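Reproduced below: model03.csv, with CSV, C-alpha atoms.
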chain,number,residue,atom,x,y,z
Y,1,MET,CA,59.4,-0.4,-5.3
Y,2,SER,CA,58.9,-0.3,-9.0
Y,3,GLU,CA,56.3,-3.0,-9.3
Y,4,LEU,CA,52.9,-2.2,-7.9
Y,5,VAL,CA,51.2,-5.0,-9.6
Y,6,PRO,CA,54.2,-6.8,-11.1
Y,7,ARG,CA,53.9,-7.8,-14.7
Y,8,PRO,CA,51.9,-11.0,-15.2
Y,9,ARG,CA,53.7,-11.2,-18.5
Y,10,GLY,CA,54.8,-14.8,-18.9
Y,11,VAL,CA,53.0,-15.8,-15.7
Y,12,LEU,CA,49.4,-16.2,-16.8
Y,13,ALA,CA,50.4,-16.4,-20.5
Y,14,THR,CA,52.8,-19.3,-20.4
Y,15,THR,CA,50.7,-21.4,-18.1
Y,16,THR,CA,47.5,-21.2,-20.0
Y,17,GLU,CA,48.5,-20.5,-23.5
Y,18,TYR,CA,48.8,-24.2,-24.4
Y,19,ILE,CA,45.4,-24.9,-23.0
Y,20,GLY,CA,43.1,-25.0,-26.0
Y,21,GLU,CA,45.6,-26.9,-28.2
Y,22,ALA,CA,45.5,-30.6,-28.2
Y,23,VAL,CA,44.3,-31.6,-24.7
Y,24,ARG,CA,46.1,-34.5,-23.2
Y,25,TYR,CA,45.6,-35.9,-19.7
Y,26,THR,CA,49.2,-35.7,-18.5
Y,27,VAL,CA,49.9,-32.3,-20.0
Y,28,LEU,CA,46.6,-30.9,-18.8
Y,29,LEU,CA,47.4,-31.8,-15.2
Y,30,THR,CA,50.8,-30.1,-15.5
Y,31,GLN,CA,49.2,-27.0,-17.0
Y,32,LEU,CA,46.5,-26.8,-14.4
Y,33,ALA,CA,49.0,-27.1,-11.6
Y,34,ALA,CA,51.3,-24.5,-13.3
Y,35,ALA,CA,48.4,-22.1,-13.7
Y,36,GLY,CA,47.7,-22.5,-10.0
Y,37,VAL,CA,51.3,-21.6,-9.1
Y,38,ALA,CA,51.2,-18.6,-11.5
Y,39,LEU,CA,48.0,-17.2,-9.9
Y,40,GLY,CA,49.5,-17.7,-6.5
Y,41,LEU,CA,52.4,-15.5,-7.6
Y,42,LEU,CA,50.0,-12.9,-9.0
Y,43,SER,CA,48.1,-12.9,-5.7
Y,44,GLU,CA,51.4,-12.4,-3.9
Y,45,ALA,CA,52.4,-9.6,-6.3
Y,46,VAL,CA,49.1,-7.8,-5.6
Y,47,ARG,CA,49.6,-8.2,-1.9
Y,48,SER,CA,53.0,-6.6,-2.2
Y,49,ALA,CA,51.4,-3.8,-4.2
Y,50,TYR,CA,48.9,-3.4,-1.4
Y,51,ARG,CA,51.6,-3.1,1.1
Y,52,TYR,CA,53.4,-0.5,-1.1
Y,53,VAL,CA,50.3,1.7,-1.4
Y,54,GLU,CA,49.6,1.3,2.3
Y,55,GLY,CA,53.1,2.5,3.0
Y,56,CYS,CA,52.6,5.4,0.6
Y,57,ALA,CA,49.5,6.5,2.4
Y,58,ALA,CA,51.2,6.3,5.8
Y,59,SER,CA,54.2,8.2,4.5
Y,60,VAL,CA,52.0,11.0,3.0
Y,61,ASP,CA,50.2,11.3,6.3
Y,62,ARG,CA,53.5,11.7,8.1
Y,63,LEU,CA,54.6,14.2,5.6
Y,64,ALA,CA,51.3,16.2,6.0
Y,65,ASP,CA,51.8,16.0,9.8
Y,66,LYS,CA,55.3,17.4,9.5
Y,67,ALA,CA,54.2,20.1,7.0
Y,68,ALA,CA,51.4,21.1,9.4
Y,69,SER,CA,53.9,21.4,12.3
Y,70,LEU,CA,56.0,23.7,10.0
Y,71,HIS,CA,52.9,25.9,9.5
Y,72,VAL,CA,52.6,25.1,5.8
Y,73,ASP,CA,49.4,26.4,4.3
Y,74,GLY,CA,46.3,24.5,5.3
Y,75,ASP,CA,45.2,23.7,1.8
Y,76,VAL,CA,48.5,22.0,1.0
Y,77,VAL,CA,48.3,20.0,4.2
Y,78,ALA,CA,44.7,19.0,3.5
Y,79,ALA,CA,45.5,18.0,-0.1
Y,80,HIS,CA,48.0,15.6,1.3
Y,81,TYR,CA,45.7,14.1,3.8
Y,82,ASP,CA,43.1,13.7,1.0
Y,83,ALA,CA,45.6,12.0,-1.2
Y,84,ALA,CA,46.5,9.5,1.6
Y,85,SER,CA,42.8,8.8,2.0
Y,86,VAL,CA,42.3,8.2,-1.8
Y,87,MET,CA,45.3,5.8,-1.6
Y,88,ARG,CA,43.6,3.9,1.2
Y,89,SER,CA,40.4,3.5,-0.9
Y,90,VAL,CA,42.5,1.6,-3.5
Y,91,LEU,CA,43.5,-0.9,-0.8
Y,92,GLU,CA,40.0,-2.4,-0.7
Y,93,GLU,CA,40.1,-3.1,-4.4
Y,94,ALA,CA,43.6,-4.5,-4.3
Y,95,ASP,CA,42.7,-6.8,-1.4
Y,96,ALA,CA,39.7,-8.1,-3.4
Y,97,MET,CA,41.9,-8.8,-6.4
Y,98,ALA,CA,44.6,-10.6,-4.4
Y,99,GLU,CA,41.8,-12.7,-2.7
Y,100,ALA,CA,40.2,-13.6,-6.0
Y,101,ALA,CA,43.6,-14.5,-7.6
Y,102,SER,CA,44.4,-16.6,-4.6
Y,103,ASP,CA,41.0,-18.4,-4.8
Y,104,LEU,CA,41.6,-19.1,-8.5
Y,105,SER,CA,45.0,-20.4,-7.7
Y,106,VAL,CA,43.6,-22.9,-5.2
Y,107,MET,CA,40.8,-23.9,-7.6
Y,108,PHE,CA,43.3,-24.7,-10.4
Y,109,GLN,CA,45.2,-27.0,-8.1
Y,110,GLN,CA,41.9,-28.5,-6.9
Y,111,THR,CA,40.8,-29.1,-10.5
Y,112,ALA,CA,44.1,-31.0,-11.2
Y,113,ASP,CA,43.8,-33.0,-8.0
Y,114,ALA,CA,40.1,-33.9,-8.5
Y,115,HIS,CA,40.7,-34.9,-12.1
Y,116,ARG,CA,43.7,-37.0,-11.1
Y,117,ALA,CA,41.7,-38.6,-8.3
Y,118,ASP,CA,38.7,-39.5,-10.4
Y,119,TYR,CA,40.3,-40.2,-13.7
Y,120,GLY,CA,43.9,-41.2,-13.0
Y,121,PRO,CA,43.3,-44.9,-12.7
Y,122,VAL,CA,41.5,-44.8,-16.1
Y,123,ALA,CA,44.3,-42.9,-17.7
Y,124,ASP,CA,46.8,-45.4,-16.3
Y,125,ALA,CA,44.9,-48.3,-17.5
Y,126,MET,CA,44.5,-46.9,-21.0
Y,127,ASN,CA,48.1,-45.8,-21.3
Y,128,SER,CA,49.6,-49.1,-20.0
Y,129,LYS,CA,47.4,-51.4,-22.0
Y,130,ASP,CA,49.4,-53.7,-24.3
Y,131,GLY,CA,48.2,-53.8,-27.9
Y,132,GLN,CA,45.6,-51.7,-29.5
Y,133,VAL,CA,43.3,-49.4,-27.4
Y,134,ALA,CA,39.7,-49.9,-28.6
Y,135,ASP,CA,37.2,-47.1,-29.1
Y,136,ARG,CA,36.0,-45.6,-25.9
Y,137,GLU,CA,32.5,-47.0,-26.1
Y,138,TYR,CA,33.9,-50.5,-25.9
Y,139,TYR,CA,35.0,-50.0,-22.3
Y,140,SER,CA,31.6,-48.7,-21.2
Y,141,ASN,CA,29.9,-50.5,-18.3
Y,142,ARG,CA,26.4,-49.1,-19.0
Q,1,MET,CA,93.6,43.8,4.4
Q,2,THR,CA,90.5,42.6,6.2
Q,3,ALA,CA,89.4,39.0,6.4
Q,4,PRO,CA,86.4,38.2,4.1
Q,5,VAL,CA,83.1,38.3,5.9
Q,6,LYS,CA,81.9,34.9,6.9
Q,7,ARG,CA,78.6,34.0,5.2
Q,8,THR,CA,76.3,32.5,7.8
Q,9,GLN,CA,73.9,29.7,6.7
Q,10,TYR,CA,71.6,27.4,8.7
Q,11,THR,CA,71.1,23.8,7.5
Q,12,ASP,CA,68.4,22.6,9.9
Q,13,SER,CA,65.6,21.4,7.6
Q,14,ASP,CA,64.0,18.0,8.0
Q,15,LEU,CA,61.4,18.6,5.3
Q,16,THR,CA,61.5,21.2,2.6
Q,17,VAL,CA,59.0,22.2,-0.1
Q,18,TYR,CA,61.4,20.6,-2.6
Q,19,ASP,CA,61.3,17.3,-0.7
Q,20,VAL,CA,57.5,17.5,-0.8
Q,21,ILE,CA,57.3,18.2,-4.5
Q,22,GLU,CA,59.8,15.4,-5.3
Q,23,SER,CA,58.3,12.8,-3.1
Q,24,ASP,CA,54.8,13.5,-4.4
Q,25,ALA,CA,55.9,13.4,-8.0
Q,26,ASP,CA,57.7,10.1,-7.5
Q,27,MET,CA,54.8,8.5,-5.7
Q,28,ALA,CA,52.3,9.7,-8.4
Q,29,GLN,CA,54.5,8.0,-11.0
Q,30,GLU,CA,55.0,4.8,-9.2
Q,31,ILE,CA,51.3,4.4,-8.5
Q,32,LEU,CA,50.4,5.1,-12.1
Q,33,ALA,CA,52.9,2.4,-13.2
Q,34,GLY,CA,50.9,0.1,-10.9
Q,35,ALA,CA,47.8,0.9,-12.8
Q,36,ASP,CA,49.4,-0.2,-16.1
Q,37,HIS,CA,50.4,-3.5,-14.5
Q,38,ALA,CA,46.9,-4.0,-13.2
Q,39,ARG,CA,45.5,-3.3,-16.7
Q,40,LEU,CA,47.9,-5.9,-18.1
Q,41,ALA,CA,46.8,-8.4,-15.5
Q,42,ALA,CA,43.2,-7.9,-16.5
Q,43,GLU,CA,44.1,-8.5,-20.2
Q,44,LYS,CA,45.9,-11.7,-19.3
Q,45,CYS,CA,43.0,-12.8,-17.3
Q,46,GLU,CA,40.7,-12.2,-20.2
Q,47,ALA,CA,43.0,-14.3,-22.4
Q,48,MET,CA,43.1,-17.0,-19.7
Q,49,SER,CA,39.2,-17.1,-19.8
Q,50,ASP,CA,39.2,-17.5,-23.5
Q,51,ARG,CA,41.7,-20.5,-23.2
Q,52,LEU,CA,39.6,-22.0,-20.5
Q,53,GLU,CA,36.5,-21.7,-22.7
Q,54,ALA,CA,38.4,-23.5,-25.5
Q,55,LEU,CA,39.6,-26.1,-23.0
Q,56,TYR,CA,36.0,-26.7,-21.9
Q,57,SER,CA,34.8,-27.4,-25.4
Q,58,LYS,CA,37.7,-29.8,-26.0
Q,59,ILE,CA,36.9,-31.6,-22.8
Q,60,LEU,CA,33.3,-32.0,-24.0
Q,61,ASP,CA,34.5,-33.1,-27.4
Q,62,LEU,CA,36.8,-35.7,-25.9
Q,63,LYS,CA,33.9,-36.8,-23.7
Q,64,VAL,CA,36.1,-36.7,-20.6
Q,65,PRO,CA,33.9,-38.1,-17.7
Q,66,GLY,CA,33.9,-37.0,-14.1
Q,67,LEU,CA,34.5,-33.8,-12.3
Q,68,LEU,CA,36.8,-32.1,-14.8
Q,69,ALA,CA,34.2,-30.3,-17.0
Q,70,GLY,CA,32.3,-28.9,-14.1
Q,71,MET,CA,35.4,-27.7,-12.4
Q,72,VAL,CA,36.6,-26.0,-15.5
Q,73,VAL,CA,33.3,-24.1,-15.6
Q,74,ARG,CA,34.1,-22.9,-12.1
Q,75,LEU,CA,37.5,-21.8,-13.2
Q,76,ILE,CA,36.0,-19.8,-16.1
Q,77,GLU,CA,33.7,-18.0,-13.7
Q,78,LYS,CA,36.5,-17.3,-11.2
Q,79,ALA,CA,38.8,-16.1,-13.9
Q,80,GLU,CA,36.1,-13.5,-14.8
Q,81,THR,CA,36.0,-12.3,-11.2
Q,82,VAL,CA,39.8,-11.9,-11.1
Q,83,LYS,CA,39.6,-10.0,-14.4
Q,84,ASN,CA,37.0,-7.7,-12.9
Q,85,ARG,CA,39.0,-7.1,-9.8
Q,86,ALA,CA,42.1,-6.3,-11.7
Q,87,GLU,CA,40.1,-3.8,-13.8
Q,88,ALA,CA,38.8,-2.2,-10.6
Q,89,VAL,CA,42.3,-1.8,-9.3
Q,90,ALA,CA,43.4,-0.4,-12.7
Q,91,GLU,CA,40.7,2.2,-12.5
Q,92,THR,CA,41.2,3.3,-8.9
Q,93,LEU,CA,45.0,3.5,-8.9
Q,94,PRO,CA,45.1,6.5,-11.3
Q,95,ARG,CA,42.8,8.4,-8.9
Q,96,ALA,CA,45.3,7.9,-6.1
Q,97,SER,CA,48.1,9.0,-8.5
Q,98,GLU,CA,46.2,12.1,-9.5
Q,99,ALA,CA,45.5,13.0,-5.9
Q,100,ILE,CA,49.1,12.9,-4.8
Q,101,ALA,CA,50.2,14.7,-8.0
Q,102,ALA,CA,47.7,17.4,-7.3
Q,103,ALA,CA,48.9,17.7,-3.7
Q,104,GLY,CA,52.4,18.2,-5.0
Q,105,GLN,CA,51.3,20.8,-7.5
Q,106,LYS,CA,49.5,22.7,-4.7
Q,107,ALA,CA,52.6,22.5,-2.6
Q,108,ALA,CA,54.7,23.9,-5.4
Q,109,ALA,CA,52.2,26.7,-6.3
Q,110,GLU,CA,52.0,27.7,-2.6
Q,111,ASP,CA,55.7,27.8,-1.6
Q,112,LYS,CA,58.1,26.9,-4.3
Q,113,HIS,CA,58.7,30.5,-5.4
Q,114,VAL,CA,59.8,31.5,-1.9
Q,115,ALA,CA,62.2,28.6,-1.7
Q,116,ASP,CA,63.5,29.5,-5.2
Q,117,ALA,CA,64.1,33.1,-4.1
Q,118,VAL,CA,66.1,31.8,-1.2
Q,119,LYS,CA,68.1,29.6,-3.5
Q,120,ASP,CA,68.6,32.3,-6.1
Q,121,ALA,CA,69.9,34.7,-3.4
Q,122,GLY,CA,72.5,32.1,-2.5
Q,123,HIS,CA,71.2,31.2,0.9
Q,124,VAL,CA,70.4,27.8,2.3
Q,125,ALA,CA,67.3,28.9,4.2
Q,126,PRO,CA,65.5,32.2,5.0
Q,127,ALA,CA,65.3,33.8,8.4
Q,128,LYS,CA,62.6,33.0,10.9
Q,129,ARG,CA,59.0,33.9,9.9
Q,130,GLU,CA,58.8,36.8,12.4
Q,131,TYR,CA,61.8,38.5,10.8
Q,132,HIS,CA,59.5,39.2,7.8
Q,133,GLU,CA,56.6,40.6,9.7
Q,134,GLU,CA,55.7,44.1,8.7
So that I can check it, write out the structure of this file as structure tokens.
Amino acid sequence: MSELVPRPRGVLATTTEYIGEAVRYTVLLTQLAAAGVALGLLSEAVRSAYRYVEGCAASVDRLADKAASLHVDGDVVAAHYDAASVMRSVLEEADAMAEAASDLSVMFQQTADAHRADYGPVADAMNSKDGQVADREYYSNR
Amino acid sequence: MTAPVKRTQYTDSDLTVYDVIESDADMAQEILAGADHARLAAEKCEAMSDRLEALYSKILDLKVPGLLAGMVVRLIEKAETVKNRAEAVAETLPRASEAIAAAGQKAAAEDKHVADAVKDAGHVAPAKREYHEE
């Protein structure tokens, strides 16, 4: 239970840190797909954090119920119910973060897929051409 | 020679003030650690946005036609959203941590000295409440 929002160290870093260096078709597709996977993992991590905090809130409520049954002072019991309720207010934020990370994960994959679909044949033709590849303007059909 | 007097003790507690204090402190700490992770996630998202911005300008520079540039713009926008969400989580988690820490402190202030007195006197638990009525 030690990772509420497990470290994204390495996750987001390694997948996007190469982006911005020399951009190449094949490498870019790999990077986009990898970033998609990394954000999917981040989303999962946040969901598991969500479940952890949800479990904490439930457990604090149970503890407060038990304390009340033992006639513990009302202020102490109330402070625990309050704490459980503050924990639940975090859940909404965590859910929104998990959702956004999941959306971004899908969008990275969609970007890779769309680029492969609308540019893949060109990349293939350019890469497999024998001899010298001319300047880009030369292949224009304008 | 008389046999030593048997010391009677009752171990019938499901939940003690010590349990409450310990559980609250552990939870407060775990939740606070989560806030650090969320903060780190927000920083990584920011770095990711910067790289996506750089990617966007390279794509323009390389004159890559088609959907790519437009989709990268969408990625930049969404990365910003993820960053904002992560920051929101990083801001709200410490409040939850503080609330449970405060509840634990209240529990300690209210009842720990009694439990300590029982322990210091060498007993497992005190007598029933009514025994102490005056």
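With only C-alpha atoms as the basis for measurement, Q:Leu93 is the residue among Q:Leu93, Q:Val124, Q:Ala117, Q:Val5 that approaches chain Y most closely.
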Inset, instruction - Counting only C-alpha atoms, collect the residues of chain Q whose closest atom lies at most 6 Å from chain Y, and write them out as a list of chain:residue names. - result: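 Residues of chain Q within 6 Å of chain Y, counting only C-alpha atoms: Q:Gly34, Q:His37, Q:Ala38, Q:Ala41, Q:Arg51, Q:Ala54, Q:Leu55, Q:Leu68, Q:Met71, Q:Val82, Q:Arg85, Q:Ala86, Q:Val89, Q:Thr92, Q:Ala96, Q:Ala99, Q:Ile100, Q:Ala103, Q:Lys106, Q:Ala107.
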Legend entry - Atomic distance atom CA of Met27 of chain Q - atom CA of Asp116 of chain Q, expressed in Å with one decimal: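 Going from atom CA of Met27 of chain Q over to atom CA of Asp116 of chain Q, I get 22.7 Å.
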Legend entry - Atomic separation - atom CA of Ser49 of chain Q relative to atom CA of Val106 of chain Y, Å: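 Rounded to one decimal, the two atoms are 16.3 Å apart.
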Inset, instruction - To one decimal in Å, tell me the separation between atom CA of Glu53 of chain Q and atom CA of Ala79 of chain Q. - result: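 For atom CA of Glu53 of chain Q relative to atom CA of Ala79 of chain Q, the distance reads 10.7 Å.
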Legend entry - Local residues around (61.1, 33.0, 4.2), at most 7 Å away, using all atoms listed in the file, as a PyMOL selection string: chain Q and resi 114+126-129
Selected residues, C-alpha atoms, written as a compact mmCIF listing (two decimals), keeping the file's coordinate frame, please.
# COMPACT_ATOMS: atom_id res chain seq x y z
CA VAL Q 114 59.80 31.50 -1.90
CA PRO Q 126 65.50 32.20 5.00
CA ALA Q 127 65.30 33.80 8.40
CA LYS Q 128 62.60 33.00 10.90
CA ARG Q 129 59.00 33.90 9.90
Ser23 of chain Q environment, 9 Å, only C-alpha atoms, sequence neighbours closer than 5 positions dropped, as a short mmCIF file (atom, residue, chain, number, x, y, z; two decimals) with C-alpha atoms, keeping the file's coordinate frame:
data_model
loop_
_atom_site.label_atom_id
_atom_site.label_comp_id
_atom_site.auth_asym_id
_atom_site.auth_seq_id
_atom_site.Cartn_x
_atom_site.Cartn_y
_atom_site.Cartn_z
CA VAL Y 60 52.00 11.00 3.00
CA TYR Q 18 61.40 20.60 -2.60
CA ALA Q 28 52.30 9.70 -8.40
CA GLY Q 104 52.40 18.20 -5.00
#
Legend entry - Which residue of Q:Ala69, Q:Ala88, Q:Val118, Q:Leu75 approaches Arg39 of chain Q most closely, using only C-alpha atoms: Q:Ala88
Legend entry - Given all atoms listed in the file as the counted atoms, nearest of Q:Ala25, Q:Ile59, Q:Ala33, Q:Val72 to Ala102 of chain Q: Q:Ala25
Generate the coordinates of N, CA and C atoms for segment 36-50 of chain Q; report them as a short mmCIF file (atom, residue, chain, number, x, y, z; two decimals), keeping the file's coordinate frame.
data_model
loop_
_atom_site.label_atom_id
_atom_site.label_comp_id
_atom_site.auth_asym_id
_atom_site.auth_seq_id
_atom_site.Cartn_x
_atom_site.Cartn_y
_atom_site.Cartn_z
N ASP Q 36 49.09 0.46 -14.80
CA ASP Q 36 49.40 -0.20 -16.10
C ASP Q 36 49.54 -1.72 -15.84
N HIS Q 37 50.20 -2.08 -14.75
CA HIS Q 37 50.40 -3.50 -14.50
C HIS Q 37 49.05 -4.18 -14.18
N ALA Q 38 48.19 -3.47 -13.49
CA ALA Q 38 46.90 -4.00 -13.20
C ALA Q 38 46.07 -4.22 -14.48
N ARG Q 39 46.19 -3.24 -15.37
CA ARG Q 39 45.50 -3.30 -16.70
C ARG Q 39 45.98 -4.54 -17.45
N LEU Q 40 47.30 -4.74 -17.41
CA LEU Q 40 47.90 -5.90 -18.10
C LEU Q 40 47.41 -7.20 -17.48
N ALA Q 41 47.33 -7.22 -16.16
CA ALA Q 41 46.80 -8.40 -15.50
C ALA Q 41 45.40 -8.72 -15.92
N ALA Q 42 44.60 -7.67 -16.06
CA ALA Q 42 43.20 -7.90 -16.50
C ALA Q 42 43.17 -8.44 -17.92
N GLU Q 43 44.04 -7.94 -18.78
CA GLU Q 43 44.10 -8.50 -20.20
C GLU Q 43 44.49 -9.94 -20.19
N LYS Q 44 45.48 -10.27 -19.35
CA LYS Q 44 45.90 -11.70 -19.30
C LYS Q 44 44.83 -12.57 -18.76
N CYS Q 45 44.07 -12.05 -17.81
CA CYS Q 45 43.00 -12.80 -17.30
C CYS Q 45 41.92 -13.10 -18.33
N GLU Q 46 41.70 -12.10 -19.16
CA GLU Q 46 40.70 -12.20 -20.20
C GLU Q 46 41.20 -13.34 -21.21
N ALA Q 47 42.49 -13.30 -21.54
CA ALA Q 47 43.00 -14.30 -22.40
C ALA Q 47 42.93 -15.70 -21.79
N MET Q 48 43.16 -15.73 -20.46
CA MET Q 48 43.10 -17.00 -19.70
C MET Q 48 41.63 -17.54 -19.82
N SER Q 49 40.65 -16.65 -19.67
CA SER Q 49 39.20 -17.10 -19.80
C SER Q 49 38.95 -17.67 -21.13
N ASP Q 50 39.47 -17.02 -22.18
CA ASP Q 50 39.20 -17.50 -23.50
C ASP Q 50 39.83 -18.95 -23.68
#
